[in-house]
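Data file: entry.tsv. Format and content: TSV, C-alpha atoms and all ligand atoms.
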chain	number	residue	atom	x	y	z
I	1276	MET	CA	56.19	-18.81	160.29
I	1277	THR	CA	57.59	-15.37	159.45
I	1278	LYS	CA	56.08	-13.55	156.50
I	1279	ASP	CA	58.28	-13.33	153.43
I	1280	VAL	CA	58.37	-12.09	149.84
I	1281	ILE	CA	59.18	-14.63	147.10
I	1282	ILE	CA	60.46	-13.21	143.79
I	1283	ALA	CA	59.13	-15.06	140.71
I	1284	CYS	CA	62.24	-15.48	138.53
I	1285	ASP	CA	60.32	-15.82	135.27
I	1286	PHE	CA	63.39	-15.60	133.05
I	1287	PRO	CA	64.19	-17.68	129.95
I	1288	ASP	CA	67.79	-18.63	130.66
I	1289	ARG	CA	70.67	-18.94	133.12
I	1290	GLU	CA	72.47	-15.72	132.11
I	1291	THR	CA	69.44	-13.45	132.58
I	1292	THR	CA	68.58	-15.11	135.88
I	1293	LEU	CA	72.06	-14.82	137.35
I	1294	ALA	CA	72.46	-11.22	136.11
I	1295	PHE	CA	69.22	-10.40	137.93
I	1296	LEU	CA	70.31	-12.14	141.15
I	1297	ASP	CA	73.74	-10.44	140.98
I	1298	ARG	CA	71.96	-7.14	141.63
I	1299	PHE	CA	71.15	-8.36	145.15
I	1300	GLN	CA	74.80	-8.78	146.18
I	1301	GLY	CA	75.30	-6.68	149.26
I	1302	SER	CA	71.59	-6.68	150.15
I	1303	ARG	CA	69.60	-9.48	151.83
I	1304	LYS	CA	69.20	-12.65	149.75
I	1305	PRO	CA	65.64	-13.00	148.50
I	1306	PHE	CA	63.55	-16.19	148.55
I	1307	VAL	CA	63.09	-16.98	144.82
I	1308	LYS	CA	60.57	-18.94	142.77
I	1309	ILE	CA	61.76	-21.08	139.86
I	1310	GLY	CA	58.90	-21.95	137.53
I	1311	MET	CA	58.41	-24.24	134.56
I	1312	GLU	CA	60.00	-21.94	131.96
I	1313	LEU	CA	63.34	-21.64	133.75
I	1314	PHE	CA	63.41	-25.23	135.05
I	1315	TYR	CA	62.53	-26.84	131.71
I	1316	GLY	CA	65.05	-24.59	129.97
I	1317	THR	CA	67.97	-24.98	132.36
I	1318	GLY	CA	67.33	-28.11	134.46
I	1319	PRO	CA	68.32	-29.08	137.99
I	1320	ASP	CA	71.80	-27.50	137.70
I	1321	MET	CA	70.20	-24.06	137.74
I	1322	VAL	CA	68.44	-24.96	141.00
I	1323	ARG	CA	71.72	-26.15	142.54
I	1324	GLU	CA	73.53	-23.01	141.40
I	1325	ILE	CA	70.94	-20.65	142.88
I	1326	LYS	CA	70.88	-22.71	146.09
I	1327	ALA	CA	74.69	-22.55	146.31
I	1328	ARG	CA	74.39	-18.75	146.18
I	1329	GLY	CA	72.41	-18.96	149.41
I	1330	HIS	CA	68.85	-18.30	148.19
I	1331	ARG	CA	65.83	-20.19	149.47
I	1332	ILE	CA	63.92	-21.71	146.53
I	1333	PHE	CA	60.25	-22.39	145.78
I	1334	LEU	CA	60.29	-24.86	142.86
I	1335	ASP	CA	56.92	-24.19	141.25
I	1336	LEU	CA	56.33	-27.21	138.98
I	1337	LYS	CA	52.68	-27.90	140.00
I	1338	LEU	CA	52.79	-31.71	139.77
I	1339	HIS	CA	49.58	-33.53	138.78
I	1340	ASP	CA	49.66	-37.23	137.80
I	1341	ILE	CA	48.82	-40.64	139.25
I	1342	PRO	CA	49.94	-40.99	142.88
I	1343	ASN	CA	52.85	-43.35	142.19
I	1344	THR	CA	54.35	-41.09	139.51
I	1345	VAL	CA	54.04	-37.99	141.70
I	1346	LYS	CA	55.58	-39.85	144.66
I	1347	LYS	CA	58.64	-40.81	142.59
I	1348	ALA	CA	59.00	-37.34	141.06
I	1349	MET	CA	58.83	-35.77	144.53
I	1350	HIS	CA	61.54	-38.15	145.73
I	1351	VAL	CA	63.79	-36.73	142.99
I	1352	LEU	CA	62.89	-33.12	143.89
I	1353	SER	CA	63.61	-33.69	147.60
I	1354	GLY	CA	67.21	-34.48	146.57
I	1355	LEU	CA	67.52	-30.96	145.10
I	1356	ASP	CA	67.35	-29.42	148.56
I	1357	VAL	CA	64.75	-26.80	147.65
I	1358	ASP	CA	62.62	-25.15	150.35
I	1359	MET	CA	59.12	-25.38	148.86
I	1360	VAL	CA	57.43	-27.44	146.11
I	1361	ASN	CA	53.83	-27.83	144.95
I	1362	VAL	CA	51.13	-30.01	143.39
I	1363	HIS	CA	47.60	-29.42	142.08
I	1364	ALA	CA	45.01	-30.16	144.77
I	1365	SER	CA	42.72	-31.44	141.98
I	1366	GLY	CA	45.09	-34.42	141.75
I	1367	THR	CA	43.18	-35.89	144.74
I	1368	VAL	CA	43.93	-36.52	148.42
I	1369	ALA	CA	45.62	-39.83	147.51
I	1370	MET	CA	47.98	-38.04	145.13
I	1371	MET	CA	48.83	-35.37	147.72
I	1372	LYS	CA	49.53	-38.04	150.37
I	1373	ALA	CA	51.80	-39.84	147.89
I	1374	ALA	CA	53.59	-36.55	147.13
I	1375	LEU	CA	54.27	-36.02	150.82
I	1376	GLU	CA	55.59	-39.56	151.18
I	1377	GLY	CA	57.92	-39.20	148.21
I	1378	LEU	CA	59.20	-35.86	149.43
I	1379	THR	CA	60.05	-36.94	152.99
I	1380	ARG	CA	63.70	-37.92	153.41
I	1381	PRO	CA	64.81	-40.89	155.53
I	1382	ASP	CA	65.71	-38.49	158.39
I	1383	GLY	CA	62.16	-37.06	158.37
I	1384	THR	CA	63.08	-33.67	156.88
I	1385	ARG	CA	61.43	-32.32	153.71
I	1386	PRO	CA	60.70	-29.08	151.82
I	1387	LEU	CA	57.36	-27.37	152.47
I	1388	LEU	CA	54.63	-28.88	150.28
I	1389	ILE	CA	51.71	-26.74	149.15
I	1390	ALA	CA	48.82	-27.28	146.73
I	1391	VAL	CA	47.32	-25.09	144.02
I	1392	THR	CA	43.58	-24.75	144.70
I	1393	GLN	CA	42.25	-23.07	141.55
I	1394	LEU	CA	44.53	-21.08	139.26
I	1395	THR	CA	43.84	-17.35	139.40
I	1396	SER	CA	43.38	-17.44	135.62
I	1397	THR	CA	40.26	-19.60	136.14
I	1398	SER	CA	37.08	-17.54	136.39
I	1399	GLU	CA	33.77	-18.64	137.92
I	1400	GLU	CA	32.43	-19.08	134.36
I	1401	ILE	CA	35.33	-21.31	133.28
I	1402	LEU	CA	34.88	-23.36	136.48
I	1403	HIS	CA	31.25	-24.11	135.59
I	1404	LYS	CA	31.31	-24.28	131.77
I	1405	ASP	CA	34.77	-25.63	131.00
I	1406	LEU	CA	35.59	-27.75	134.04
I	1407	LEU	CA	31.92	-28.65	134.68
I	1408	ILE	CA	32.28	-27.97	138.42
I	1409	GLY	CA	28.88	-27.04	139.88
I	1410	ALA	CA	30.14	-25.58	143.18
I	1411	SER	CA	31.12	-21.91	143.45
I	1412	MET	CA	34.75	-20.76	143.25
I	1413	ASN	CA	34.92	-20.13	147.01
I	1414	GLU	CA	33.35	-23.51	147.85
I	1415	THR	CA	35.80	-25.21	145.51
I	1416	ILE	CA	38.80	-23.39	147.00
I	1417	ALA	CA	37.72	-24.11	150.60
I	1418	HIS	CA	37.14	-27.79	149.74
I	1419	TYR	CA	40.46	-28.22	147.92
I	1420	ALA	CA	42.30	-26.47	150.77
I	1421	ALA	CA	40.61	-28.81	153.29
I	1422	ASN	CA	41.68	-31.79	151.15
I	1423	ALA	CA	45.27	-30.52	151.14
I	1424	ARG	CA	45.20	-30.20	154.91
I	1425	GLU	CA	43.70	-33.69	155.27
I	1426	ALA	CA	46.55	-35.06	153.15
I	1427	GLY	CA	49.04	-33.45	155.56
I	1428	LEU	CA	50.26	-30.62	153.31
I	1429	ASP	CA	51.55	-27.34	154.73
I	1430	GLY	CA	49.31	-24.94	152.84
I	1431	VAL	CA	48.00	-23.74	149.49
I	1432	VAL	CA	48.67	-21.32	146.66
I	1433	CYS	CA	45.67	-19.03	146.20
I	1434	SER	CA	44.69	-15.47	145.34
I	1435	PRO	CA	45.46	-13.08	148.22
I	1436	LEU	CA	41.74	-12.29	148.24
I	1437	GLU	CA	41.07	-15.93	149.22
I	1438	ALA	CA	43.69	-16.14	152.00
I	1439	GLY	CA	41.13	-15.28	154.71
I	1440	LEU	CA	38.73	-17.99	153.51
I	1441	VAL	CA	41.55	-20.57	153.56
I	1442	LYS	CA	42.60	-19.56	157.10
I	1443	GLU	CA	38.96	-19.78	158.30
I	1444	THR	CA	38.60	-23.24	156.76
I	1445	CYS	CA	41.98	-24.78	157.65
I	1446	GLY	CA	43.26	-22.76	160.61
I	1447	ALA	CA	45.74	-19.92	161.08
I	1448	GLY	CA	48.78	-22.21	160.88
I	1449	PHE	CA	47.91	-23.46	157.37
I	1450	LEU	CA	50.10	-21.51	154.95
I	1451	THR	CA	48.81	-19.26	152.19
I	1452	VAL	CA	51.19	-18.43	149.35
I	1453	THR	CA	49.71	-15.72	147.16
I	1454	PRO	CA	50.62	-14.33	143.72
I	1455	GLY	CA	48.63	-11.48	142.15
I	1456	ILE	CA	50.44	-8.68	144.00
I	1457	ARG	CA	50.76	-5.12	142.67
I	1458	PHE	CA	51.81	-1.80	144.22
I	1459	ALA	CA	48.89	0.62	144.61
I	1460	ASP	CA	50.46	3.06	142.12
I	1461	ALA	CA	51.39	0.52	139.40
I	1462	ALA	CA	49.92	-1.31	136.37
I	1463	SER	CA	48.09	-4.62	136.93
I	1464	ASP	CA	49.50	-6.28	133.72
I	1465	ASP	CA	47.44	-9.41	132.94
I	1466	GLN	CA	46.59	-10.17	136.59
I	1467	VAL	CA	42.94	-9.75	137.54
I	1468	ARG	CA	42.39	-10.64	141.20
I	1469	ILE	CA	45.16	-8.51	142.65
I	1470	THR	CA	45.96	-6.62	145.81
I	1471	THR	CA	48.84	-4.70	147.38
I	1472	PRO	CA	51.53	-6.18	149.65
I	1473	ALA	CA	50.10	-4.30	152.65
I	1474	ARG	CA	46.54	-5.55	152.03
I	1475	ALA	CA	47.78	-9.13	151.45
I	1476	ARG	CA	49.39	-8.95	154.89
I	1477	GLU	CA	46.10	-7.77	156.46
I	1478	ILE	CA	44.08	-10.55	154.79
I	1479	GLY	CA	46.46	-13.22	156.06
I	1480	SER	CA	48.96	-14.21	153.35
I	1481	ASP	CA	52.10	-15.84	154.73
I	1482	PHE	CA	54.16	-15.51	151.53
I	1483	ILE	CA	53.53	-13.19	148.60
I	1484	VAL	CA	54.89	-14.19	145.17
I	1485	VAL	CA	55.91	-11.11	143.22
I	1486	GLY	CA	57.20	-11.19	139.64
I	1487	ARG	CA	57.06	-8.23	137.27
I	1488	PRO	CA	56.65	-5.47	139.89
I	1489	ILE	CA	60.20	-6.45	140.95
I	1490	THR	CA	61.80	-8.08	137.87
I	1491	GLN	CA	60.73	-5.29	135.47
I	1492	ALA	CA	61.36	-2.40	137.86
I	1493	ASP	CA	64.06	0.19	137.06
I	1494	ASP	CA	65.56	-0.65	140.45
I	1495	PRO	CA	64.60	-4.26	141.35
I	1496	VAL	CA	66.39	-4.17	144.71
I	1497	ALA	CA	64.45	-1.05	145.76
I	1498	ALA	CA	61.17	-2.64	144.57
I	1499	TYR	CA	61.95	-5.81	146.57
I	1500	GLU	CA	62.79	-3.77	149.67
I	1501	ARG	CA	59.51	-1.86	149.25
I	1502	CYS	CA	57.60	-5.19	149.15
I	1503	MET	CA	59.44	-6.43	152.24
I	1504	LYS	CA	58.69	-3.20	154.09
I	1505	GLU	CA	54.97	-3.19	153.18
I	1506	PHE	CA	54.43	-6.94	153.69
I	1507	ALA	CA	56.94	-8.46	156.05
I	1508	GLU	CA	58.27	-5.85	158.50
I	1601	LIG	O1	54.65	-11.03	137.30
I	1601	LIG	P1	53.65	-11.48	138.33
I	1601	LIG	O2	53.80	-10.80	139.68
I	1601	LIG	O3	52.23	-11.45	137.82
I	1601	LIG	O4	54.04	-13.03	138.58
I	1601	LIG	C1	53.27	-13.88	139.38
I	1601	LIG	C2	53.89	-15.25	139.39
I	1601	LIG	O5	53.03	-16.12	140.11
I	1601	LIG	C3	54.10	-15.90	138.03
I	1601	LIG	O6	55.26	-16.71	138.10
I	1601	LIG	C4	52.86	-16.73	137.83
I	1601	LIG	O7	53.09	-17.85	137.00
I	1601	LIG	C5	52.60	-17.20	139.26
I	1601	LIG	N1	51.22	-17.58	139.55
I	1601	LIG	C6	50.15	-16.73	139.38
I	1601	LIG	N2	48.86	-17.15	139.68
I	1601	LIG	C7	48.66	-18.40	140.14
I	1601	LIG	C8	49.74	-19.27	140.32
I	1601	LIG	C9	51.02	-18.82	140.00
I	1601	LIG	O8	50.32	-15.58	138.99
I	1601	LIG	N3	47.45	-18.79	140.47

Encoding of this model in structure tokens:
Amino acid sequence: MTKDVIIACDFPDRETTLAFLDRFQGSRKPFVKIGMELFYGTGPDMVREIKARGHRIFLDLKLHDIPNTVKKAMHVLSGLDVDMVNVHASGTVAMMKAALEGLTRPDGTRPLLIAVTQLTSTSEEILHKDLLIGASMNETIAHYAANAREAGLDGVVCSPLEAGLVKETCGAGFLTVTPGIRFADAASDDQVRITTPARAREIGSDFIVVGRPITQADDPVAAYERCMKEFAE
């Protein structure tokens, strides 16, 4: 699997999103992430429109429900022809297996399916006190990643700092998709466990998810090209 940069299109509406993507005409077409804000605001038509423009799409809806409901929802998402979708690993192995089943088309093809281990906004303290999980953050992440692999998923979303641990636990071919990326000379915003594109590459990320360092840059195309150069080339 070749390394790639995914731009998090965290925009509120269709117009802002398309105006942003228009800037990439004449350059290579980035892999983009559509999250809850844009999807709930604009619906499946936005996904189809971005796909028709030739972008690969990670539809980041983080499904978590009973296995049958997730299976049926994934069946609907597989019809959208996106390239990557996700679930929460805490939904259980049975739920992840059901997700995979729902996502697989009659001809055997399907988008990549990855699982969120622990959100990067969850600290060790929250894990113990709020979620009442006794194991450490790293034990929890390694266990959830192993569950995702057992269920047949392609990889996990995790902090870039945990990509090495996931590869050790699940093997080099198990994908790591990592947000929390910042340039060495830039602000960290509200992200805590961050690293640079170059360091994420060294640790073993397969895909980095980059939002504000590209979307809020004076020249988003140049910022994207910088990420590609540091991470993927
Ligand atoms: O702007 P920034 O680069 O921080 O955006 C990161 C993107 O990755 C956002 O869309 C955010 O919701 C997402 N994300 C994250 N941490 C996770 C999972 C997803 O930052 N653990």

Hey, could you make a per-residue contact list for region 1376-1413 of chain I against region 1329-1351 of chain I with 10 Å as the cut-off, showing the nearest pair of atoms and its distance in Å to one decimal, counting only C-alpha atoms, sorted by chain and number, as a tab-separated table?
residue	atom	partner	partner_atom	distance
I:Glu1376	CA	I:Lys1346	CA	6.5
I:Gly1377	CA	I:Lys1346	CA	4.3
I:Leu1378	CA	I:Met1349	CA	4.9
I:Thr1379	CA	I:His1350	CA	7.5
I:Arg1380	CA	I:His1350	CA	8.0
I:Arg1385	CA	I:His1350	CA	9.9
I:Pro1386	CA	I:Phe1333	CA	9.0
I:Leu1387	CA	I:Phe1333	CA	8.8
I:Leu1388	CA	I:Phe1333	CA	9.7
I:Ile1389	CA	I:Lys1337	CA	9.3
I:Ala1390	CA	I:Lys1337	CA	7.8
I:Val1391	CA	I:Lys1337	CA	7.3

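With all atoms listed in the file counted, the chains near ligand LIG 1601 (chain I) contribute these residues within 7 Å: I:Ala1283, I:Asp1285, I:Gly1310, I:Gln1393, I:Leu1394, I:Thr1395, I:Ser1396, I:Val1432, I:Cys1433, I:Ser1434, I:Pro1454, I:Gly1455, I:Ile1456, I:Gln1466, I:Val1484, I:Val1485, I:Gly1486, I:Arg1487, I:Pro1488.
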
Minimum-distance residue to Tyr1419 (chain I), chosen among I:Cys1284, I:Ala1473, I:Val1441, I:Cys1502 (using all atoms listed in the file): I:Val1441

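In this comparison, which uses only C-alpha atoms, the residue of I:Pro1319, I:Val1467, I:Phe1458, I:Ile1309 approaching Arg1501 (chain I) most closely is I:Phe1458.
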
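Rounded to one decimal, CA of Ile1281 (chain I) and CA of Arg1474 (chain I) lie 16.3 Å from each other.
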
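Rounded to one decimal, CA of Glu1399 (chain I) and CA of Asn1413 (chain I) lie 9.3 Å from each other.
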
Report as a Markdown table: every residue of region 1389-1455 of chain I with an atom at most 12 Å from region 1355-1373 of chain I, its closest pair of atoms, and their distance in Å to one decimal, counting all atoms listed in the file, with rows sorted by chain and ascending residue number.
| residue | atom | partner | partner_atom | distance |
| --- | --- | --- | --- | --- |
| I:Ile1389 | CA | I:Asn1361 | CA | 4.8 |
| I:Ala1390 | CA | I:Val1362 | CA | 4.9 |
| I:Val1391 | CA | I:His1363 | CA | 4.8 |
| I:Thr1392 | CA | I:Ala1364 | CA | 5.6 |
| I:Gln1393 | CA | I:Ala1364 | CA | 8.3 |
| I:Leu1394 | CA | I:His1363 | CA | 9.3 |
| I:Leu1406 | CA | I:Ser1365 | CA | 11.3 |
| I:Ile1408 | CA | I:Ser1365 | CA | 11.6 |
| I:Thr1415 | CA | I:Ser1365 | CA | 10.0 |
| I:Ile1416 | CA | I:Ala1364 | CA | 9.5 |
| I:Ala1417 | CA | I:Ala1364 | CA | 11.1 |
| I:His1418 | CA | I:Ala1364 | CA | 9.6 |
| I:Tyr1419 | CA | I:Ala1364 | CA | 5.9 |
| I:Ala1420 | CA | I:Ala1364 | CA | 7.5 |
| I:Ala1421 | CA | I:Ala1364 | CA | 9.7 |
| I:Asn1422 | CA | I:Val1368 | CA | 5.9 |
| I:Ala1423 | CA | I:Ala1364 | CA | 6.4 |
| I:Arg1424 | CA | I:Val1368 | CA | 9.1 |
| I:Glu1425 | CA | I:Val1368 | CA | 7.4 |
| I:Ala1426 | CA | I:Lys1372 | CA | 5.0 |
| I:Gly1427 | CA | I:Lys1372 | CA | 6.9 |
| I:Leu1428 | CA | I:Met1371 | CA | 7.5 |
| I:Asp1429 | CA | I:Met1359 | CA | 9.8 |
| I:Gly1430 | CA | I:Asn1361 | CA | 9.5 |
| I:Val1431 | CA | I:Asn1361 | CA | 8.4 |
| I:Val1432 | CA | I:Asn1361 | CA | 8.5 |
| I:Cys1433 | CA | I:Ala1364 | CA | 11.2 |
| I:Leu1450 | CA | I:Met1359 | CA | 11.6 |
| I:Val1452 | CA | I:Met1359 | CA | 10.6 |

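Relative to CA of Ser1398 (chain I), CA of Ile1282 (chain I) is found at 24.9 Å.
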
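Distances here use all atoms listed in the file; by that measure, the residue among I:Ile1483, I:Ala1492, I:Val1322, I:Leu1402 closest to Thr1470 (chain I) is I:Ile1483.
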
Distance query Asp1288 (chain I) at most 9 Å, all atoms listed in the file, self and fewer than 3 positions along chain excluded, as a VMD selection string: chain I and resid 1291 to 1293 1312 to 1313 1316 to 1317

For Arg1328 (chain I), the nearest of the candidates I:Pro1305, I:Gly1354, I:Pro1472, I:Gly1479, counting only C-alpha atoms: I:Pro1305

Selected residue of minimal separation from Lys1278 (chain I) among I:Phe1306, I:Asp1297, I:Ala1461, I:Cys1445, counting all atoms listed in the file: I:Phe1306
